[in-house]
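Listing of query-v3.txt, compact mmCIF, C-alpha atoms and all ligand atoms
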```
# COMPACT_ATOMS: atom_id res chain seq x y z
CA MET A 5 4.21 34.45 4.09
CA GLY A 6 2.87 35.00 7.56
CA SER A 7 0.15 34.09 9.94
CA CYS A 8 -3.46 33.36 9.20
CA VAL A 9 -4.42 36.54 11.01
CA GLU A 10 -2.38 38.62 8.53
CA LEU A 11 -3.88 36.64 5.71
CA ALA A 12 -7.39 37.23 6.97
CA GLU A 13 -6.67 40.95 7.21
CA ARG A 14 -5.41 41.00 3.65
CA LEU A 15 -8.59 39.30 2.59
CA HIS A 16 -10.62 41.93 4.47
CA VAL A 17 -12.09 39.39 6.79
CA ALA A 18 -12.25 40.16 10.46
CA ALA A 19 -9.54 37.91 11.84
CA ASP A 20 -11.10 37.49 15.25
CA GLY A 21 -14.35 36.39 13.66
CA ASN A 22 -12.98 33.85 11.29
CA ILE A 23 -9.76 32.40 12.62
CA VAL A 24 -9.82 30.18 15.65
CA PRO A 25 -7.23 31.47 18.17
CA GLY A 26 -4.06 29.40 18.05
CA CYS A 27 -4.35 28.60 14.33
CA TYR A 28 -1.83 31.19 13.27
CA ASP A 29 1.17 29.60 11.70
CA LEU A 30 0.79 28.50 8.11
CA ARG A 31 3.79 26.18 8.40
CA ILE A 32 1.87 24.26 11.05
CA LEU A 33 -1.49 24.54 9.33
CA ARG A 34 0.02 23.03 6.21
CA HIS A 35 0.23 19.74 8.02
CA ARG A 36 -3.31 19.77 9.34
CA SER A 37 -6.12 17.95 7.58
CA THR A 38 -8.70 19.71 5.44
CA ALA A 39 -11.27 19.20 8.19
CA ILE A 40 -9.08 20.94 10.78
CA LEU A 41 -8.29 23.79 8.38
CA ALA A 42 -11.98 24.33 7.74
CA ARG A 43 -12.63 24.47 11.48
CA CYS A 44 -9.80 26.99 11.93
CA CYS A 45 -11.51 29.22 9.37
CA ARG A 46 -14.84 28.97 11.18
CA GLY A 47 -16.47 28.07 7.88
CA SER A 48 -15.31 31.14 5.92
CA PRO A 49 -14.67 29.91 2.36
CA THR A 50 -12.68 33.07 1.54
CA VAL A 51 -10.25 32.55 4.37
CA PHE A 52 -10.10 28.82 3.69
CA ALA A 53 -9.24 29.40 0.01
CA GLY A 54 -6.70 32.06 0.97
CA ILE A 55 -4.99 29.73 3.41
CA LEU A 56 -4.74 27.00 0.79
CA ILE A 57 -3.12 29.45 -1.64
CA GLU A 58 -0.61 30.62 0.96
CA ILE A 59 0.18 27.07 2.02
CA ALA A 60 0.80 26.21 -1.62
CA ARG A 61 3.65 28.73 -1.71
CA LEU A 62 5.58 27.03 1.06
CA PRO A 63 8.50 24.77 0.13
CA MET A 64 7.35 21.19 0.51
CA PHE A 65 9.61 18.30 -0.29
CA ASP A 66 12.07 16.53 1.89
CA THR A 67 15.30 15.98 -0.02
CA VAL A 68 16.46 13.42 2.55
CA ARG A 69 13.70 11.02 1.58
CA HIS A 70 13.44 11.80 -2.12
CA VAL A 71 15.82 11.77 -5.04
CA PRO A 72 15.53 13.36 -8.49
CA LEU A 73 14.19 11.36 -11.38
CA HIS A 74 16.76 9.87 -13.69
CA VAL A 75 16.14 11.49 -17.02
CA VAL A 76 16.14 8.31 -19.05
CA GLU A 77 13.73 7.58 -21.84
CA TRP A 78 11.36 4.65 -21.25
CA ARG A 79 12.43 1.58 -23.15
CA ALA A 80 10.45 -1.62 -22.74
CA ALA A 81 13.55 -3.60 -23.70
CA ASP A 82 15.41 -2.09 -20.73
CA ALA A 83 12.56 -3.02 -18.39
CA GLN A 84 12.55 -6.56 -19.77
CA ALA A 85 16.32 -6.81 -19.34
CA ALA A 86 16.00 -5.66 -15.72
CA ILE A 87 13.27 -8.28 -15.06
CA ASP A 88 15.51 -10.96 -16.58
CA ASP A 89 18.47 -9.86 -14.43
CA ILE A 90 16.41 -9.86 -11.24
CA VAL A 91 14.83 -13.26 -11.93
CA ALA A 92 18.12 -14.88 -12.97
CA ASP A 93 19.85 -13.54 -9.87
CA ALA A 94 17.06 -14.74 -7.54
CA LEU A 95 17.20 -18.23 -9.05
CA ALA A 96 20.99 -18.32 -8.89
CA GLN A 97 21.03 -17.34 -5.22
CA PHE A 98 18.26 -19.73 -4.13
CA ASP A 99 19.33 -22.34 -1.60
CA GLN A 100 17.07 -25.38 -1.19
CA ALA A 101 17.68 -25.58 2.55
CA ARG A 102 18.17 -21.95 3.56
CA PHE A 103 16.14 -20.14 0.89
CA TRP A 104 17.59 -16.61 0.45
CA PRO A 105 19.86 -14.42 2.56
CA ALA A 106 18.35 -11.40 4.31
CA HIS A 107 19.29 -7.88 3.29
CA PRO A 108 20.83 -5.32 5.67
CA GLN A 109 18.21 -2.75 4.66
CA ASP A 110 15.42 -5.03 5.92
CA ASP A 111 15.50 -4.25 9.62
CA GLY A 112 15.11 -7.32 11.76
CA ALA A 113 15.14 -9.80 8.87
CA ARG A 114 17.32 -12.90 9.19
CA ASP A 115 18.73 -15.22 6.55
CA GLY A 116 16.13 -17.76 5.52
CA GLU A 117 13.06 -15.57 6.15
CA THR A 118 9.94 -17.35 4.93
CA SER A 119 7.12 -14.81 4.82
CA ILE A 120 5.22 -13.35 1.91
CA TYR A 121 6.27 -9.88 3.05
CA PHE A 122 10.07 -10.18 2.95
CA GLY A 123 10.83 -13.89 2.84
CA ALA A 124 10.95 -16.90 0.54
CA ALA A 125 7.17 -17.29 0.12
CA GLY A 126 6.95 -13.86 -1.50
CA VAL A 127 9.93 -14.45 -3.79
CA ILE A 128 8.69 -17.89 -4.85
CA TRP A 129 5.20 -16.52 -5.49
CA ALA A 130 6.62 -13.68 -7.63
CA LEU A 131 8.92 -15.95 -9.64
CA ASP A 132 5.99 -18.25 -10.38
CA TYR A 133 3.71 -15.31 -11.15
CA LEU A 134 6.17 -13.71 -13.57
CA SER A 135 6.48 -17.04 -15.34
CA ARG A 136 2.69 -17.50 -15.50
CA ALA A 137 2.27 -13.93 -16.78
CA GLY A 138 4.81 -14.46 -19.55
CA ALA A 139 7.21 -11.89 -18.11
CA THR A 140 10.13 -14.32 -17.98
CA ARG A 141 11.21 -17.52 -19.66
CA HIS A 142 13.13 -18.59 -16.58
CA ALA A 143 11.44 -21.42 -14.75
CA TYR A 144 12.14 -23.36 -11.57
CA ASP A 145 10.24 -26.10 -9.82
CA PHE A 146 9.70 -24.95 -6.22
CA VAL A 147 7.18 -27.68 -5.38
CA PRO A 148 9.80 -29.91 -3.66
CA VAL A 149 10.58 -27.14 -1.12
CA LEU A 150 6.99 -26.11 -0.27
CA ASP A 151 6.53 -28.37 2.77
CA ARG A 152 9.86 -27.24 4.18
CA LEU A 153 8.86 -23.63 3.57
CA ILE A 154 5.56 -24.08 5.44
CA ASP A 155 7.28 -25.83 8.37
CA ALA A 156 10.04 -23.23 8.61
CA ASN A 157 7.50 -20.43 8.50
CA ARG A 158 5.45 -22.02 11.29
CA ARG A 159 8.54 -22.22 13.46
CA GLN A 160 9.43 -18.57 12.77
CA PHE A 161 5.86 -17.32 13.15
CA ALA A 162 5.33 -19.16 16.46
CA LYS A 163 7.84 -16.79 18.06
CA LEU A 164 5.98 -13.65 16.98
CA ASP A 165 3.37 -11.75 19.00
CA TYR A 166 0.41 -12.52 16.77
CA HIS A 167 1.15 -16.22 16.28
CA ALA A 168 -2.48 -17.20 16.88
CA HIS A 169 -3.65 -15.12 13.91
CA GLY A 170 -3.99 -16.28 10.34
CA SER A 171 -1.44 -13.79 8.96
CA LEU A 172 -1.33 -13.20 5.22
CA LEU A 173 1.96 -11.33 5.07
CA PHE A 174 3.92 -13.07 7.84
CA GLY A 175 2.25 -16.37 8.72
CA ASP A 176 1.26 -19.68 7.22
CA LEU A 177 -1.83 -18.21 5.63
CA GLY A 178 0.63 -16.75 3.10
CA THR A 179 2.91 -19.76 2.71
CA LEU A 180 -0.07 -22.12 2.37
CA LEU A 181 -1.53 -19.88 -0.34
CA VAL A 182 1.74 -20.13 -2.26
CA ALA A 183 1.56 -23.93 -1.89
CA MET A 184 -2.04 -23.85 -3.11
CA ARG A 185 -0.99 -21.85 -6.14
CA LEU A 186 1.91 -24.14 -7.04
CA ARG A 187 0.54 -27.49 -5.88
CA PRO A 188 -3.21 -27.28 -5.27
CA ASP A 189 -4.76 -29.98 -3.12
CA ALA A 190 -7.65 -30.41 -0.70
CA ALA A 191 -5.47 -30.70 2.41
CA THR A 192 -3.81 -27.34 1.72
CA ALA A 193 -7.18 -25.71 1.08
CA ASP A 194 -8.49 -27.10 4.37
CA ALA A 195 -5.44 -25.79 6.21
CA ILE A 196 -5.94 -22.31 4.72
CA HIS A 197 -9.58 -22.36 5.77
CA GLU A 198 -8.65 -23.29 9.32
CA ARG A 199 -6.04 -20.52 9.59
CA ALA A 200 -8.36 -17.92 8.03
CA ARG A 201 -11.18 -18.97 10.37
CA ALA A 202 -8.93 -18.41 13.39
CA ASN A 203 -9.36 -14.67 12.77
CA ASN A 204 -13.13 -14.88 13.41
CA THR A 205 -12.68 -14.23 17.09
CA LEU A 206 -9.18 -12.73 17.46
CA PRO A 207 -8.60 -8.96 17.44
CA ILE A 208 -9.02 -7.67 13.88
CA ARG A 209 -5.56 -6.00 13.64
CA GLU A 210 -5.05 -5.12 9.96
CA LEU A 211 -4.13 -6.52 6.55
CA MET A 212 -0.61 -7.68 7.44
CA TRP A 213 -1.47 -9.69 10.57
CA GLY A 214 -5.19 -10.11 10.89
CA LEU A 215 -8.73 -10.36 9.60
CA PRO A 216 -8.54 -8.15 6.49
CA GLY A 217 -5.71 -10.43 5.31
CA SER A 218 -7.80 -13.57 5.84
CA MET A 219 -10.68 -11.95 3.93
CA LEU A 220 -8.30 -11.34 1.05
CA ALA A 221 -7.12 -14.95 1.29
CA CYS A 222 -10.78 -16.01 0.92
CA VAL A 223 -11.00 -13.97 -2.30
CA PHE A 224 -7.85 -15.64 -3.66
CA MET A 225 -9.08 -19.10 -2.65
CA SER A 226 -12.45 -18.56 -4.26
CA GLU A 227 -10.67 -17.61 -7.49
CA MET A 228 -8.49 -20.72 -7.25
CA THR A 229 -11.12 -23.27 -6.21
CA SER A 230 -14.65 -21.92 -6.84
CA GLU A 231 -15.68 -23.48 -3.49
CA THR A 232 -18.55 -21.65 -1.77
CA ARG A 233 -17.04 -21.91 1.73
CA TRP A 234 -14.68 -19.02 0.98
CA ARG A 235 -17.49 -16.62 0.33
CA GLU A 236 -19.27 -17.78 3.49
CA LEU A 237 -16.20 -17.12 5.62
CA TYR A 238 -15.55 -13.80 3.91
CA VAL A 239 -19.12 -12.62 4.50
CA LYS A 240 -18.84 -13.44 8.20
CA GLN A 241 -15.55 -11.56 8.54
CA ALA A 242 -16.73 -8.61 6.42
CA ALA A 243 -19.70 -8.13 8.74
CA ARG A 244 -17.39 -8.07 11.74
CA LEU A 245 -14.98 -5.67 10.04
CA LEU A 246 -17.72 -3.23 9.03
CA ASP A 247 -19.25 -3.40 12.51
CA GLU A 248 -16.04 -1.91 13.87
CA LEU A 249 -15.95 0.99 11.39
CA ALA A 250 -16.86 3.90 13.63
CA ASP A 251 -17.96 7.43 12.80
CA THR A 252 -15.50 9.99 14.13
CA GLU A 253 -14.75 13.69 13.74
CA LEU A 254 -12.35 12.69 10.96
CA GLY A 255 -14.82 10.51 9.10
CA PRO A 256 -15.51 6.80 9.49
CA LEU A 257 -12.37 5.09 10.85
CA TRP A 258 -11.13 1.88 12.39
CA THR A 259 -8.97 1.92 15.50
CA GLN A 260 -6.16 -0.62 15.07
CA ASP A 261 -5.05 -2.54 18.11
CA LEU A 262 -1.45 -2.99 16.96
CA TYR A 263 1.99 -3.34 18.54
CA GLY A 264 0.66 -2.37 21.96
CA SER A 265 -1.22 0.78 21.06
CA HIS A 266 -4.62 1.77 19.71
CA GLN A 267 -4.39 4.18 16.78
CA GLN A 268 -6.34 5.06 13.68
CA TRP A 269 -3.84 4.13 11.02
CA LEU A 270 -4.71 5.13 7.47
CA GLY A 271 -2.43 3.25 5.05
CA PRO A 272 -2.85 0.06 3.02
CA VAL A 273 -0.73 -2.21 5.22
CA HIS A 274 -1.66 -1.30 8.79
CA GLY A 275 -4.69 0.90 8.43
CA TYR A 276 -7.91 2.12 6.89
CA ALA A 277 -6.92 1.55 3.26
CA GLY A 278 -5.72 -1.96 4.07
CA ASN A 279 -9.07 -2.78 5.72
CA MET A 280 -10.84 -1.45 2.63
CA VAL A 281 -8.72 -3.60 0.26
CA PRO A 282 -10.64 -6.88 0.85
CA LEU A 283 -13.96 -5.02 0.87
CA ILE A 284 -13.13 -3.63 -2.59
CA ARG A 285 -11.71 -6.94 -3.87
CA GLY A 286 -14.76 -8.89 -2.65
CA TRP A 287 -17.24 -6.15 -3.58
CA ALA A 288 -19.75 -8.50 -5.22
CA TRP A 289 -20.01 -10.48 -1.97
CA LEU A 290 -21.10 -7.47 0.08
CA GLY A 291 -24.76 -6.72 0.70
CA ASP A 292 -26.33 -3.56 -0.73
CA ASP A 293 -26.19 -1.85 2.66
CA GLN A 294 -22.53 -2.80 3.10
CA GLN A 295 -21.62 -1.49 -0.35
CA ALA A 296 -23.48 1.73 0.40
CA ARG A 297 -21.64 2.07 3.73
CA VAL A 298 -18.21 1.68 2.09
CA ALA A 299 -19.04 3.94 -0.86
CA GLU A 300 -20.23 6.64 1.52
CA ALA A 301 -17.38 6.24 4.01
CA VAL A 302 -14.36 6.32 1.70
CA PRO A 303 -14.78 9.80 0.16
CA ARG A 304 -15.65 11.24 3.57
CA THR A 305 -12.63 9.76 5.38
CA LEU A 306 -10.23 10.62 2.59
CA MET A 307 -11.49 14.21 2.42
CA ALA A 308 -11.45 14.70 6.18
CA ASN A 309 -7.85 13.49 6.51
CA ALA A 310 -6.29 14.95 3.36
CA VAL A 311 -3.51 17.49 3.81
CA GLN A 312 -3.70 19.80 0.80
CA SER A 313 -0.92 21.72 -0.91
CA ALA A 314 -0.21 23.17 -4.34
CA HIS A 315 1.58 19.91 -5.10
CA GLY A 316 -1.49 17.83 -4.38
CA ALA A 317 -2.96 15.89 -1.49
CA GLN A 318 -1.20 13.89 1.19
CA TRP A 319 -2.24 11.81 4.19
CA HIS A 320 -0.60 11.21 7.55
CA PRO A 321 0.12 7.61 8.59
CA VAL A 322 -2.35 8.08 11.46
CA ALA A 323 -5.59 10.12 11.42
CA GLY A 324 -5.51 13.36 13.37
CA ARG A 325 -1.73 13.65 13.49
CA THR A 326 -0.58 17.23 13.38
CA GLY A 327 3.19 16.96 13.02
CA GLU A 328 4.93 17.24 9.71
CA PRO A 329 3.95 14.35 7.38
CA ARG A 330 7.21 12.73 6.43
CA LEU A 331 6.26 9.51 4.72
CA TRP A 332 5.11 9.57 1.11
CA GLN A 333 5.35 5.91 0.18
CA HIS A 334 3.05 2.96 -0.45
CA CYS A 335 2.71 1.83 3.16
CA HIS A 336 2.20 5.34 4.60
CA GLY A 337 1.07 8.42 2.69
CA ALA A 338 -0.49 9.46 -0.58
CA PRO A 339 0.85 6.76 -2.94
CA GLY A 340 -0.74 3.83 -1.12
CA MET A 341 -4.02 5.67 -0.61
CA VAL A 342 -4.22 6.32 -4.36
CA THR A 343 -3.16 2.78 -5.29
CA THR A 344 -5.88 1.36 -3.03
CA PHE A 345 -8.79 3.65 -3.80
CA ALA A 346 -8.17 4.06 -7.52
CA ASP A 347 -9.65 0.55 -7.67
CA ALA A 348 -12.84 1.59 -5.86
CA PRO A 349 -15.95 0.47 -7.77
CA PHE A 350 -17.65 3.75 -6.83
CA GLY A 351 -16.80 7.42 -6.99
CA THR A 352 -17.80 10.97 -6.32
CA PRO A 353 -16.39 14.10 -7.98
CA GLU A 354 -14.56 14.84 -4.71
CA LEU A 355 -13.03 11.37 -4.55
CA GLU A 356 -11.87 11.54 -8.18
CA ALA A 357 -10.26 14.94 -7.58
CA LEU A 358 -8.60 13.71 -4.40
CA LEU A 359 -7.13 10.62 -6.05
CA VAL A 360 -5.65 12.77 -8.82
CA ALA A 361 -4.34 15.21 -6.21
CA GLY A 362 -2.69 12.31 -4.36
CA GLY A 363 -1.10 11.18 -7.60
CA GLU A 364 0.15 14.68 -8.30
CA PHE A 365 1.70 14.85 -4.85
CA THR A 366 3.43 11.51 -5.39
CA TRP A 367 4.79 12.69 -8.73
CA HIS A 368 6.06 16.02 -7.42
CA ALA A 369 7.64 14.39 -4.36
CA GLY A 370 9.75 12.25 -6.70
CA PRO A 371 11.36 8.81 -6.33
CA LEU A 372 12.23 7.59 -2.84
CA THR A 373 15.72 7.30 -1.42
CA LYS A 374 14.75 4.00 0.27
CA GLY A 375 15.26 2.24 -3.04
CA SER A 376 13.29 0.62 -5.79
CA ASN A 377 10.97 -1.57 -3.70
CA LEU A 378 7.18 -1.71 -3.41
CA CYS A 379 6.43 -1.12 0.28
CA HIS A 380 8.43 2.08 0.76
CA GLY A 381 10.30 2.62 -2.47
CA THR A 382 10.03 4.07 -5.94
CA GLY A 383 8.32 1.05 -7.53
CA GLY A 384 5.52 1.08 -4.97
CA ASN A 385 4.88 4.77 -5.52
CA GLY A 386 4.73 4.15 -9.26
CA TYR A 387 1.70 1.90 -8.77
CA ALA A 388 -0.32 5.02 -7.92
CA PHE A 389 0.32 6.32 -11.44
CA LEU A 390 -0.54 3.01 -13.10
CA LYS A 391 -3.79 2.83 -11.13
CA LEU A 392 -4.68 6.42 -12.04
CA HIS A 393 -3.93 5.67 -15.67
CA ARG A 394 -6.42 2.82 -15.57
CA ARG A 395 -9.07 4.79 -13.67
CA THR A 396 -8.87 8.14 -15.46
CA ARG A 397 -7.45 7.16 -18.88
CA ASP A 398 -5.53 10.42 -18.58
CA GLU A 399 -2.43 10.22 -20.77
CA ARG A 400 -0.13 11.83 -18.23
CA TRP A 401 -0.02 8.90 -15.81
CA LEU A 402 1.53 6.06 -17.80
CA PRO A 403 4.68 8.04 -18.76
CA ARG A 404 5.03 9.02 -15.12
CA ALA A 405 4.80 5.38 -14.03
CA ARG A 406 7.41 4.48 -16.59
CA ALA A 407 9.68 7.36 -15.59
CA PHE A 408 9.62 6.03 -12.02
CA ALA A 409 10.34 2.56 -13.43
CA MET A 410 13.49 3.73 -15.21
CA THR A 411 14.71 5.45 -12.05
CA ALA A 412 13.87 2.37 -9.96
CA ILE A 413 15.92 0.15 -12.31
CA GLU A 414 18.92 2.37 -11.74
CA GLN A 415 18.30 2.42 -7.97
CA CYS A 416 18.14 -1.38 -7.94
CA ARG A 417 21.44 -1.65 -9.84
CA GLU A 418 23.10 0.94 -7.63
CA ALA A 419 22.03 -0.96 -4.50
CA ARG A 420 23.45 -4.18 -5.99
CA ARG A 421 26.77 -2.42 -6.55
CA GLN A 422 26.73 -0.97 -3.05
CA TYR A 423 25.81 -4.17 -1.20
CA GLY A 424 27.35 -6.62 -3.65
CA ARG A 425 24.10 -8.61 -3.85
CA GLY A 426 20.40 -8.50 -4.53
CA ARG A 427 17.51 -7.98 -2.11
CA TYR A 428 15.32 -11.09 -2.09
CA SER A 429 11.92 -9.91 -0.93
CA LEU A 430 8.53 -9.31 -2.55
CA TRP A 431 7.47 -6.23 -0.63
CA THR A 432 10.87 -4.68 0.06
CA GLY A 433 13.16 -6.12 -2.61
CA ASP A 434 14.06 -6.59 -6.23
CA ILE A 435 11.47 -9.18 -7.24
CA GLY A 436 8.67 -6.77 -6.31
CA LEU A 437 10.26 -4.24 -8.63
CA ALA A 438 10.30 -6.88 -11.39
CA VAL A 439 6.52 -7.27 -11.05
CA TYR A 440 6.14 -3.48 -11.18
CA LEU A 441 8.28 -3.30 -14.32
CA TRP A 442 6.09 -5.93 -15.96
CA ASP A 443 2.99 -3.92 -15.10
CA CYS A 444 4.62 -0.81 -16.61
CA MET A 445 5.20 -2.78 -19.80
CA THR A 446 1.60 -4.01 -20.03
CA GLY A 447 0.03 -0.87 -18.55
CA GLU A 448 -2.15 -3.13 -16.38
CA PRO A 449 -1.49 -2.68 -12.66
CA ARG A 450 -1.82 -5.71 -10.41
CA PHE A 451 -0.18 -5.02 -7.05
CA PRO A 452 1.38 -8.39 -6.21
CA GLY A 453 -0.28 -10.45 -3.52
CA VAL A 454 -3.09 -7.90 -3.19
CA ASP A 455 -4.70 -7.44 -6.61
CA VAL A 456 -3.50 -10.79 -7.83
CA PHE A 457 -2.29 -14.02 -6.31
ZN ZN B 501 6.77 0.07 3.98
```
Spit out the file's structure as structure tokens when you get a sec.
Amino acid sequence: MGSCVELAERLHVAADGNIVPGCYDLRILRHRSTAILARCCRGSPTVFAGILIEIARLPMFDTVRHVPLHVVEWRAADAQAAIDDIVADALAQFDQARFWPAHPQDDGARDGETSIYFGAAGVIWALDYLSRAGATRHAYDFVPVLDRLIDANRRQFAKLDYHAHGSLLFGDLGTLLVAMRLRPDAATADAIHERARANNTLPIRELMWGLPGSMLACVFMSEMTSETRWRELYVKQAARLLDELADTELGPLWTQDLYGSHQQWLGPVHGYAGNMVPLIRGWAWLGDDQQARVAEAVPRTLMANAVQSAHGAQWHPVAGRTGEPRLWQHCHGAPGMVTTFADAPFGTPELEALLVAGGEFTWHAGPLTKGSNLCHGTGGNGYAFLKLHRRTRDERWLPRARAFAMTAIEQCREARRQYGRGRYSLWTGDIGLAVYLWDCMTGEPRFPGVDVF
């Protein structure tokens, strides 16, 4: 293994004619996007192919962030037992006044969190969803606590930076949606509309805090009510969102104004994929030109930002980053890109190949040390396999999803032993894993709170 200049010489290509000066170290080039690699090769396909082969020989995976798979055979009865354990524990630990305790692994979370992301709204939604789906016989009437949940969330959210936004994952847009699901009424629907409409003029942000989240809320509300006002609001916000999609050297991208900086995030929570989620979910509401724009943009952006290796394709959290990509989880990296775009109602041969390559990378990287959860844990990564199974009908993906499930069950139990308690959170805790386990049993992926509400 050496420099690109040596490689070019071995390939009988004049190095000075085909390698851009400075692009010498394969260990650095490995972490550059396909577009940058191609530029370094000055368009020589021979050198480009040679570089990819050499890069493929480099050791890849970070053993600090990944753990080996548990070699345990998939058993649906074990998955069901784990769901039952998680649900029973969540119900047993529920406190009418204080909801659930926070977990030490959720940085910054306090006891009694209320959000969809890592608070009571997410746990209550998931418990109700699992019951509706037939995944558990446990039942609990949360309706009497809904008003208190909404009030507590408004108090918590008022202290946060983006308190003016209708926030799906942290604000009352999320808690009101849970109320609408459990106790539908016109006043709640009106309140959701008002909060979603607030995003019409505020900075777009991303799915967690801003306008893409309110677009997704419109999709959920249309499914729950069949009122036409949700489509009208969605169409207005979709036009604004697509207006801000800008062509760049690295394909069409949004620049997120987030946490005090302006960056081109890529993932499904803070970035490009997250902005595409509501456009894909509300596809039928887009105009022909908007559908064409999205269908043309996605393969181009994904190709331009993919970091290729023998183990598959990976993406940085932020476009154009050149350091070592370290995060291979749902919120940042290949798994979340695959989970999002494997639902795309369009495709090109390049996009199909890239999605499979992202799945392969996720598989070879292995389960995550951060635990069993959805946002940055083993369960979340497993959704990439379930989505690929549905898109490709390739037999290899479902067993992989289920292998991650068995490992995630053990990780969840180990964490319970270590901390002496469960982790009560939809995106970062045990109940999210329970939804993933159910989806592994049915083989039908529905990422909670995104694909289904
Ligand atoms: Zn995360």
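In this comparison, which uses all atoms listed in the file, the residue of A:Ala85, A:Ala250, A:Ala143, A:Ala94 approaching Met445 (chain A) most closely is A:Ala85.
Between CA of Glu356 (chain A) and CA of Gly324 (chain A) there is a distance of 22.5 Å.
With distances taken over all atoms listed in the file, A:Ala53 is the one residue among A:Ala243, A:Ala53, A:Val149, A:Leu257 lying closest to Ser313 (chain A).
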Self-check item: Exercise answer, 9 Å around ligand ZN 501 (chain B) with only C-alpha atoms and all ligand atoms, as a PyMOL selection string
Solution: chain A and resi 273+333-336+377-381+431-432
Can those selected residues be exported to a file as a JSON list (two decimals), in the frame of the given file so that it contains C-alpha atoms?
```json
[["chain", "number", "residue", "atom", "x", "y", "z"],
["A", 273, "VAL", "CA", -0.73, -2.21, 5.22],
["A", 333, "GLN", "CA", 5.35, 5.91, 0.18],
["A", 334, "HIS", "CA", 3.05, 2.96, -0.45],
["A", 335, "CYS", "CA", 2.71, 1.83, 3.16],
["A", 336, "HIS", "CA", 2.20, 5.34, 4.60],
["A", 377, "ASN", "CA", 10.97, -1.57, -3.70],
["A", 378, "LEU", "CA", 7.18, -1.71, -3.41],
["A", 379, "CYS", "CA", 6.43, -1.12, 0.28],
["A", 380, "HIS", "CA", 8.43, 2.08, 0.76],
["A", 381, "GLY", "CA", 10.30, 2.62, -2.47],
["A", 431, "TRP", "CA", 7.47, -6.23, -0.63],
["A", 432, "THR", "CA", 10.87, -4.68, 0.06]]
```
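Atom to atom, CA of Thr344 (chain A) and CA of Val223 (chain A) stand 16.2 Å apart.
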Edge lengths and centre in Å to one decimal, as lines of an AutoDock Vina configuration file, is what I'm after for the box along x, y and z that holds all listed atoms of region 84-89 of chain A once 4 Å is added on each side.
```
center_x = 15.5
center_y = -8.3
center_z = -17.1
size_x = 13.9
size_y = 13.3
size_z = 13.3
```
Exercise. With a distance cut-off of 9 Å and only C-alpha atoms, select the neighbouring residues of Arg404 (chain A), excluding the residue or stretch itself and same-chain residues fewer than 2 positions from it, and output the selection as a ChimeraX atom specification.
Key: /A:367,386,389-390,400-402,406-409
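Using all atoms listed in the file, the nearest neighbour of Tyr276 (chain A) within the list A:Leu237, A:Leu249, A:Met219, A:Ala361 is A:Leu249.
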Self-check item: Shortest interatomic distance to Leu262 (chain A) - which of A:Val239, A:Pro207, A:Glu414, A:Phe350, counting all atoms listed in the file
Solution: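 Nearest candidate to Leu262 (chain A) out of A:Val239, A:Pro207, A:Glu414, A:Phe350: A:Pro207.
Interatomic distance, CA of Glu300 (chain A) to CA of Met225 (chain A): 28.4 Å.
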Exercise. Compute the distance from (-23.7, 1.8, -2.7) to each atom, counting all atoms listed in the file, keep the residues with any atom at most 12 Å away, and return them as JSON, numbers by chain; use the coordinates of the file.
Key: {"A": [284, 287, 288, 290, 291, 292, 293, 294, 295, 296, 297, 298, 299, 300, 301, 302, 348, 349, 350, 351, 352]}
Exercise. Go through A:Ala190, A:Leu95, A:Ala124, A:Leu173 and flag the residue nearest Tyr144 (chain A), using only C-alpha atoms for the distances.
Key: A:Leu95
Quiz item: Hey, what's within 7 Å of Leu254 (chain A) if we count all atoms listed in the file and toss same-chain stuff fewer than 2 positions away? As a PyMOL selection string, please?
Solution: chain A and resi 252+256+305+308-309
Expected file: the selected residues, C-alpha atoms, as a PDB file, keeping the file's coordinate frame:
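Resulting contents of again_3.pdb:
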```
ATOM      1  CA  THR A 252     -15.500   9.990  14.130  1.00  0.00           C
ATOM      2  CA  PRO A 256     -15.510   6.800   9.490  1.00  0.00           C
ATOM      3  CA  THR A 305     -12.630   9.760   5.380  1.00  0.00           C
ATOM      4  CA  ALA A 308     -11.450  14.700   6.180  1.00  0.00           C
ATOM      5  CA  ASN A 309      -7.850  13.490   6.510  1.00  0.00           C
TER       6      ASN A 309
END
```
Quiz item: Which one of A:Phe52, A:Trp129, A:Trp269, A:Phe122 sits closest to Pro321 (chain A) if you count all atoms listed in the file?
Solution: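 Closest to Pro321 (chain A), using all atoms listed in the file: A:Trp269.
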Can you write out as JSON lines which residues of region 92-157 of chain A fall within 12 Å of region 68-84 of chain A, alongside each residue's closest atom pair and its distance in Å to one decimal, counting only C-alpha atoms and ordering rows by chain and ascending residue number?
```
{"residue": "A:Leu134", "atom": "CA", "partner": "A:Gln84", "partner_atom": "CA", "distance": 11.4}
{"residue": "A:Gly138", "atom": "CA", "partner": "A:Gln84", "partner_atom": "CA", "distance": 11.1}
{"residue": "A:Ala139", "atom": "CA", "partner": "A:Gln84", "partner_atom": "CA", "distance": 7.7}
{"residue": "A:Thr140", "atom": "CA", "partner": "A:Gln84", "partner_atom": "CA", "distance": 8.3}
{"residue": "A:Arg141", "atom": "CA", "partner": "A:Gln84", "partner_atom": "CA", "distance": 11.0}
```
Practice problem: Could you give me, as a PyMOL selection string, the residues that have an atom at most 9 Å away from the point (-12.2, -15.0, 5.0) in the coordinates of the file, using only C-alpha atoms? | Solution: chain A and resi 197+200-201+203-204+215-223+234-242
Quiz prompt | Selection: 10 Å around Tyr133 (chain A), only C-alpha atoms, excl. self and same-chain fewer than 6 positions, as a count of residues only | solution = 10
